[in-house]
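Peer 1: Input file: target.txt. Contents: compact mmCIF, C-alpha atoms.
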```
# COMPACT_ATOMS: atom_id res chain seq x y z
CA MET D 271 -70.96 -33.38 44.60
CA SER D 272 -67.75 -34.67 43.39
CA THR D 273 -67.33 -31.84 40.82
CA GLU D 274 -67.97 -29.33 43.55
CA GLN D 275 -65.35 -30.96 45.69
CA GLN D 276 -62.85 -30.83 42.85
CA HIS D 277 -63.56 -27.13 42.26
CA SER D 278 -63.20 -26.39 45.92
CA LYS D 279 -59.87 -28.25 46.08
CA TRP D 280 -58.52 -26.12 43.18
CA GLN D 281 -59.82 -22.99 44.77
CA LEU D 282 -58.22 -23.96 48.05
CA PHE D 283 -54.89 -24.66 46.28
CA PHE D 284 -54.90 -21.28 44.50
CA MET D 285 -56.00 -19.31 47.53
CA LEU D 286 -53.75 -20.89 50.12
CA ILE D 287 -50.63 -21.94 48.18
CA PHE D 288 -50.22 -20.43 44.71
CA ILE D 289 -51.22 -16.79 45.26
CA PRO D 290 -49.29 -16.42 48.58
CA CYS D 291 -46.17 -17.94 46.92
CA ILE D 292 -46.39 -15.46 44.01
CA PHE D 293 -46.85 -12.61 46.51
CA ALA D 294 -43.85 -13.79 48.55
CA ILE D 295 -41.66 -14.02 45.43
CA ILE D 296 -42.62 -10.50 44.36
CA LEU D 297 -41.99 -9.19 47.86
CA VAL D 298 -38.54 -10.84 48.00
CA VAL D 299 -37.56 -9.48 44.54
CA VAL D 300 -38.60 -5.93 45.45
CA LEU D 301 -36.81 -6.02 48.79
CA THR D 302 -33.59 -7.43 47.33
CA TYR D 303 -33.68 -4.83 44.55
CA TYR D 304 -33.90 -2.02 47.12
CA MET D 305 -31.10 -3.59 49.11
CA GLY D 306 -28.78 -3.31 46.09
CA PHE D 307 -28.85 -6.78 44.61
CA ASN D 308 -29.40 -7.01 40.87
CA VAL D 309 -32.12 -9.60 40.76
CA GLY D 310 -32.57 -9.47 36.99
CA GLU D 311 -28.94 -10.36 36.37
CA ARG D 312 -29.12 -13.25 38.85
CA VAL D 313 -32.26 -14.57 37.17
CA GLN D 314 -30.53 -14.39 33.76
CA GLN D 315 -27.55 -16.28 35.12
CA ALA D 316 -29.79 -18.90 36.62
CA ALA D 317 -31.83 -19.12 33.40
CA SER D 318 -28.69 -19.48 31.31
CA PHE D 319 -28.15 -22.89 32.86
CA LEU D 320 -31.42 -24.01 31.33
CA PRO D 321 -30.67 -25.46 27.88
CA PHE D 322 -33.72 -24.15 26.03
CA VAL D 323 -33.15 -20.53 27.20
CA ASN D 324 -29.46 -20.55 26.20
CA GLU D 325 -30.20 -21.88 22.70
CA GLN D 326 -32.76 -19.16 22.12
CA GLU D 327 -30.28 -16.46 23.14
CA GLU D 328 -27.62 -17.95 20.85
CA GLU D 329 -30.07 -17.96 17.95
CA GLU D 330 -30.94 -14.33 18.66
CA ASP D 331 -27.24 -13.43 18.83
CA ILE D 332 -26.58 -15.21 15.54
CA GLU D 333 -29.51 -13.41 13.92
CA VAL D 334 -28.21 -10.04 15.16
CA ILE D 335 -24.71 -10.82 13.88
CA LEU D 336 -26.07 -11.92 10.51
CA GLU D 337 -28.22 -8.80 10.23
CA ASP D 338 -25.18 -6.63 11.02
CA GLN D 339 -23.09 -8.46 8.44
CA LEU D 340 -25.89 -8.14 5.88
CA PHE D 341 -26.10 -4.40 6.55
CA LEU D 342 -22.33 -4.01 6.17
CA LEU D 343 -22.30 -6.04 2.96
CA GLU D 344 -25.18 -4.00 1.51
CA ASN D 345 -23.30 -0.78 2.31
CA GLU D 346 -20.12 -2.17 0.78
CA ASN D 347 -22.04 -3.29 -2.30
CA ALA D 348 -23.58 0.17 -2.68
CA SER D 349 -20.11 1.71 -2.35
CA PHE D 350 -18.73 -0.62 -5.02
CA GLN D 351 -21.67 0.19 -7.30
CA ARG D 352 -20.95 3.93 -6.93
CA THR D 353 -17.28 3.30 -7.66
CA ILE D 354 -18.16 1.22 -10.73
CA THR D 355 -20.49 3.95 -11.99
CA GLU D 356 -17.81 6.60 -11.49
CA LEU D 357 -15.19 4.46 -13.24
CA GLU D 358 -17.54 3.75 -16.15
CA ALA D 359 -18.19 7.49 -16.53
CA GLU D 360 -14.43 8.14 -16.44
CA LEU D 361 -13.86 5.40 -19.02
CA GLN D 362 -16.51 6.89 -21.30
CA ARG D 363 -14.98 10.35 -20.94
CA ARG D 364 -11.53 9.00 -21.79
CA ASN D 365 -12.89 7.03 -24.76
CA ASP D 366 -14.54 10.22 -26.04
CA GLU D 367 -11.25 12.04 -25.60
CA ILE D 368 -9.42 9.29 -27.51
CA VAL D 369 -11.92 9.52 -30.36
CA GLN D 370 -11.52 13.30 -30.44
CA LEU D 371 -7.72 13.01 -30.48
CA GLN D 372 -7.88 10.40 -33.24
CA ASP D 373 -10.05 12.76 -35.29
CA GLU D 374 -7.55 15.58 -34.71
CA LEU D 375 -4.68 13.28 -35.69
CA LEU D 376 -6.47 12.28 -38.87
CA LEU D 377 -7.06 15.95 -39.70
CA ILE D 378 -3.40 16.79 -39.05
CA ARG D 379 -2.26 13.86 -41.19
CA THR D 380 -4.54 14.98 -44.00
CA ASP D 381 -3.23 18.54 -43.75
CA LEU D 382 0.35 17.28 -43.69
CA GLU D 383 -0.23 15.07 -46.74
CA ASN D 384 -1.83 18.02 -48.56
CA GLU D 385 1.11 20.23 -47.59
CA LEU D 386 3.57 17.58 -48.77
CA ASP D 387 1.68 17.29 -52.04
CA ARG D 388 1.79 21.07 -52.48
CA THR D 389 5.48 21.13 -51.57
CA SER D 390 6.31 18.36 -54.02
CA GLU D 391 4.27 20.09 -56.72
CA LEU D 392 6.09 23.33 -55.97
CA GLN D 393 9.46 21.56 -56.13
CA LEU D 394 8.47 20.02 -59.47
CA GLU D 395 7.54 23.46 -60.75
CA ILE D 396 10.84 24.91 -59.48
CA ARG D 397 12.78 22.11 -61.20
CA ASP D 398 10.89 22.74 -64.41
CA VAL D 399 11.77 26.44 -64.23
CA VAL D 400 15.40 25.57 -63.42
CA ARG D 401 15.56 23.19 -66.43
CA THR D 402 14.02 25.88 -68.58
CA LEU D 403 16.62 28.44 -67.43
CA GLU D 404 19.41 25.92 -67.94
CA GLY D 405 18.10 25.20 -71.44
CA ILE D 406 18.25 28.75 -72.69
CA SER D 407 21.38 30.81 -73.34
CA GLY D 408 23.30 32.29 -70.41
CA ALA D 409 22.72 35.91 -71.53
CA ARG D 410 19.00 35.43 -71.86
CA ALA D 411 18.79 33.57 -68.50
CA ALA D 412 20.81 36.40 -66.84
CA ASP D 413 18.30 38.95 -68.16
CA ILE D 414 15.41 36.90 -66.75
CA VAL D 415 17.10 36.41 -63.32
CA SER D 416 17.92 40.14 -63.07
CA GLU D 417 14.21 40.95 -63.51
CA MET D 418 13.14 38.47 -60.78
CA ASP D 419 12.76 39.08 -57.07
CA GLN D 420 16.12 38.35 -55.44
CA ASP D 421 14.69 35.66 -53.11
CA GLU D 422 13.19 33.80 -56.07
CA ALA D 423 16.38 34.15 -58.06
CA ILE D 424 18.48 32.76 -55.20
CA MET D 425 16.08 29.84 -54.75
CA LEU D 426 16.32 29.00 -58.47
CA LEU D 427 20.09 29.40 -58.58
CA LYS D 428 20.49 27.04 -55.61
CA GLU D 429 18.68 24.34 -57.56
CA MET D 430 20.80 24.80 -60.71
CA GLY D 431 23.94 23.00 -61.58
CA ILE D 432 27.26 24.80 -61.04
CA ASP D 433 27.95 25.36 -64.76
CA SER D 434 24.58 26.97 -65.47
CA ARG D 435 24.78 29.04 -62.30
CA SER D 436 28.25 30.36 -63.19
CA GLN D 437 27.17 31.29 -66.74
CA ILE D 438 24.17 33.25 -65.43
CA LEU D 439 26.10 34.99 -62.64
CA SER D 440 28.92 35.96 -65.06
CA ARG D 441 26.42 37.86 -67.23
CA LEU D 442 24.74 39.74 -64.36
CA ASN D 443 25.61 43.21 -63.12
CA PRO D 444 28.69 42.77 -60.81
CA SER D 445 27.05 44.37 -57.73
CA GLU D 446 23.89 42.29 -58.18
CA ALA D 447 25.98 39.13 -58.76
CA ALA D 448 28.02 39.87 -55.60
CA GLU D 449 24.91 40.24 -53.49
CA ILE D 450 23.38 37.02 -54.88
CA ILE D 451 26.64 35.10 -54.30
CA SER D 452 26.84 36.33 -50.68
CA ARG D 453 23.25 35.23 -50.08
CA LEU D 454 23.92 31.86 -51.75
CA ALA D 455 26.78 31.28 -49.32
CA GLU D 456 24.50 31.72 -46.27
```
Would you write the structure of this file as structure tokens?
Peer 2:
Amino acid sequence: MSTEQQHSKWQLFFMLIFIPCIFAIILVVVLTYYMGFNVGERVQQAASFLPFVNEQEEEEDIEVILEDQLFLLENENASFQRTITELEAELQRRNDEIVQLQDELLLIRTDLENELDRTSELQLEIRDVVRTLEGISGARAADIVSEMDQDEAIMLLKEMGIDSRSQILSRLNPSEAAEIISRLAE
């Protein structure tokens, strides 16, 4: 009988005390809510005084803040990665442009060296012709110069010494010599 008595005591406790108290609490909360009191906020304020509830809220707040910071840092990292990729592409494009310009510069230098070689060869040939004309007699050189194109003759006469030039010009036709002298003075 003693187990039956214990069961009946628990039943009596639940039926007469616990369930009516729960009902009364629910009734009070509903009535105060309809009267305009914010019961939930008051319960949170009251619960915040309990140490274990406050610590849990702080941990949740810290987790939310850390998640927000992690999200921001991931976005910033992605932005930096895009910027790095764009800068690397720009660097590669500029390096390609530098290589292209260096190739063009090398080609221009080669062309310039070839042109200088041709010019120096041409000047050597002109000097050889001038020495040849200076080595022959004035009358014979005047005959050769009179048969040449005037531009070539002027170029050769400019390279000659004054004595050889005067001997050749003295033996030319006066009108032709006058025209050559006027063009030499230019």
Peer 1: As an exercise, work out the distance from CA of Ile450 in chain D to CA of Gln420 in chain D in Å and give it to one decimal place.
Peer 2: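 Here the two named atoms are 7.4 Å from each other.
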Peer 1: From the set D:Glu404, D:Glu395, D:Glu446, D:Glu330, which residue has the shortest atom-to-atom contact distance to Leu427 in chain D, counting all atoms listed in the file?
Peer 2: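 Counting all atoms listed in the file, the residue closest to Leu427 in chain D is D:Glu404.
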Peer 1: Between D:Met418, D:Ile424, D:Ala411, D:Ile335, which is the closest to Ser452 in chain D once you count only C-alpha atoms?
Peer 2: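 Using only C-alpha atoms, the shortest distance to Ser452 in chain D belongs to D:Ile424.
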Peer 1: Find, counting only C-alpha atoms, the residue in D:Leu386, D:Met430, D:Val309, D:Arg363 that gets nearest to Thr402 in chain D.
Peer 2: D:Met430
Peer 1: How many Å lie between CA of Leu442 in chain D and CA of Met425 in chain D, rounded to one decimal?
Peer 2: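 Those two atoms sit 16.3 Å apart.
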Peer 1: May I ask for the distance between CA of Leu371 in chain D and CA of Ala359 in chain D, given in Å to one decimal place?
Peer 2: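 Taking CA of Leu371 in chain D as the start and CA of Ala359 in chain D as the end point, the length is 18.3 Å.
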Peer 1: Let me make sure I understand: among D:Lys428, D:Ile438, D:Phe293, D:Glu356, which one has the smallest atom-to-atom distance to Arg453 in chain D if we use only C-alpha atoms?
Peer 2: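 Closest to Arg453 in chain D, using only C-alpha atoms: D:Lys428.
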Peer 1: Which is closest to Val400 in chain D among D:Glu367, D:Ser434, D:Glu374, D:Leu342, if we use all atoms listed in the file?
Peer 2: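 Using all atoms listed in the file, Val400 in chain D sits closest to D:Ser434.
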Peer 1: Because the input lacks atoms here, generate N, CA and C atoms for range 407-434 of chain D and report them as a short mmCIF file (atom, residue, chain, number, x, y, z; two decimals), keeping the file's coordinate frame.
Peer 2:
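Saved result, part-v6.cif, follows:
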```
data_model
loop_
_atom_site.label_atom_id
_atom_site.label_comp_id
_atom_site.auth_asym_id
_atom_site.auth_seq_id
_atom_site.Cartn_x
_atom_site.Cartn_y
_atom_site.Cartn_z
N SER D 407 20.01 30.26 -73.35
CA SER D 407 21.38 30.81 -73.34
C SER D 407 21.63 31.54 -72.03
N GLY D 408 22.92 31.65 -71.65
CA GLY D 408 23.30 32.29 -70.41
C GLY D 408 22.91 33.76 -70.36
N ALA D 409 23.05 34.48 -71.50
CA ALA D 409 22.72 35.91 -71.53
C ALA D 409 21.24 36.12 -71.33
N ARG D 410 20.48 35.31 -71.99
CA ARG D 410 19.00 35.43 -71.86
C ARG D 410 18.57 35.05 -70.45
N ALA D 411 19.13 33.99 -69.86
CA ALA D 411 18.79 33.57 -68.50
C ALA D 411 19.21 34.64 -67.51
N ALA D 412 20.37 35.33 -67.74
CA ALA D 412 20.81 36.40 -66.84
C ALA D 412 19.83 37.56 -66.89
N ASP D 413 19.30 37.89 -68.05
CA ASP D 413 18.30 38.95 -68.16
C ASP D 413 17.04 38.59 -67.37
N ILE D 414 16.62 37.35 -67.47
CA ILE D 414 15.41 36.90 -66.75
C ILE D 414 15.64 36.94 -65.24
N VAL D 415 16.81 36.44 -64.76
CA VAL D 415 17.10 36.41 -63.32
C VAL D 415 17.21 37.82 -62.78
N SER D 416 17.77 38.76 -63.55
CA SER D 416 17.92 40.14 -63.07
C SER D 416 16.56 40.80 -62.89
N GLU D 417 15.55 40.38 -63.62
CA GLU D 417 14.21 40.95 -63.51
C GLU D 417 13.41 40.30 -62.36
N MET D 418 13.87 39.18 -61.85
CA MET D 418 13.14 38.47 -60.78
C MET D 418 13.40 39.10 -59.42
N ASP D 419 12.52 38.74 -58.47
CA ASP D 419 12.76 39.08 -57.07
C ASP D 419 14.01 38.33 -56.64
N GLN D 420 14.86 38.97 -55.81
CA GLN D 420 16.12 38.35 -55.44
C GLN D 420 15.92 37.01 -54.70
N ASP D 421 14.93 36.91 -53.85
CA ASP D 421 14.69 35.66 -53.11
C ASP D 421 14.36 34.51 -54.07
N GLU D 422 13.53 34.83 -55.08
CA GLU D 422 13.19 33.80 -56.07
C GLU D 422 14.41 33.42 -56.89
N ALA D 423 15.19 34.41 -57.25
CA ALA D 423 16.38 34.15 -58.06
C ALA D 423 17.37 33.28 -57.29
N ILE D 424 17.56 33.55 -56.01
CA ILE D 424 18.48 32.76 -55.20
C ILE D 424 17.96 31.32 -55.07
N MET D 425 16.65 31.18 -54.87
CA MET D 425 16.08 29.84 -54.75
C MET D 425 16.31 29.04 -56.05
N LEU D 426 16.11 29.68 -57.20
CA LEU D 426 16.32 29.00 -58.47
C LEU D 426 17.78 28.69 -58.71
N LEU D 427 18.66 29.61 -58.37
CA LEU D 427 20.09 29.40 -58.58
C LEU D 427 20.63 28.28 -57.68
N LYS D 428 20.07 28.13 -56.49
CA LYS D 428 20.49 27.04 -55.61
C LYS D 428 20.17 25.68 -56.22
N GLU D 429 19.09 25.60 -56.97
CA GLU D 429 18.68 24.34 -57.56
C GLU D 429 19.45 24.02 -58.86
N MET D 430 20.10 25.00 -59.43
CA MET D 430 20.80 24.80 -60.71
C MET D 430 22.13 24.11 -60.51
N GLY D 431 22.59 23.57 -61.57
CA GLY D 431 23.94 23.00 -61.58
C GLY D 431 24.98 24.12 -61.54
N ILE D 432 26.21 23.79 -61.21
CA ILE D 432 27.26 24.80 -61.04
C ILE D 432 27.58 25.50 -62.37
N ASP D 433 27.61 24.76 -63.46
CA ASP D 433 27.95 25.36 -64.76
C ASP D 433 26.91 26.40 -65.17
N SER D 434 25.64 26.03 -65.07
CA SER D 434 24.58 26.97 -65.47
C SER D 434 24.56 28.17 -64.55
#
```
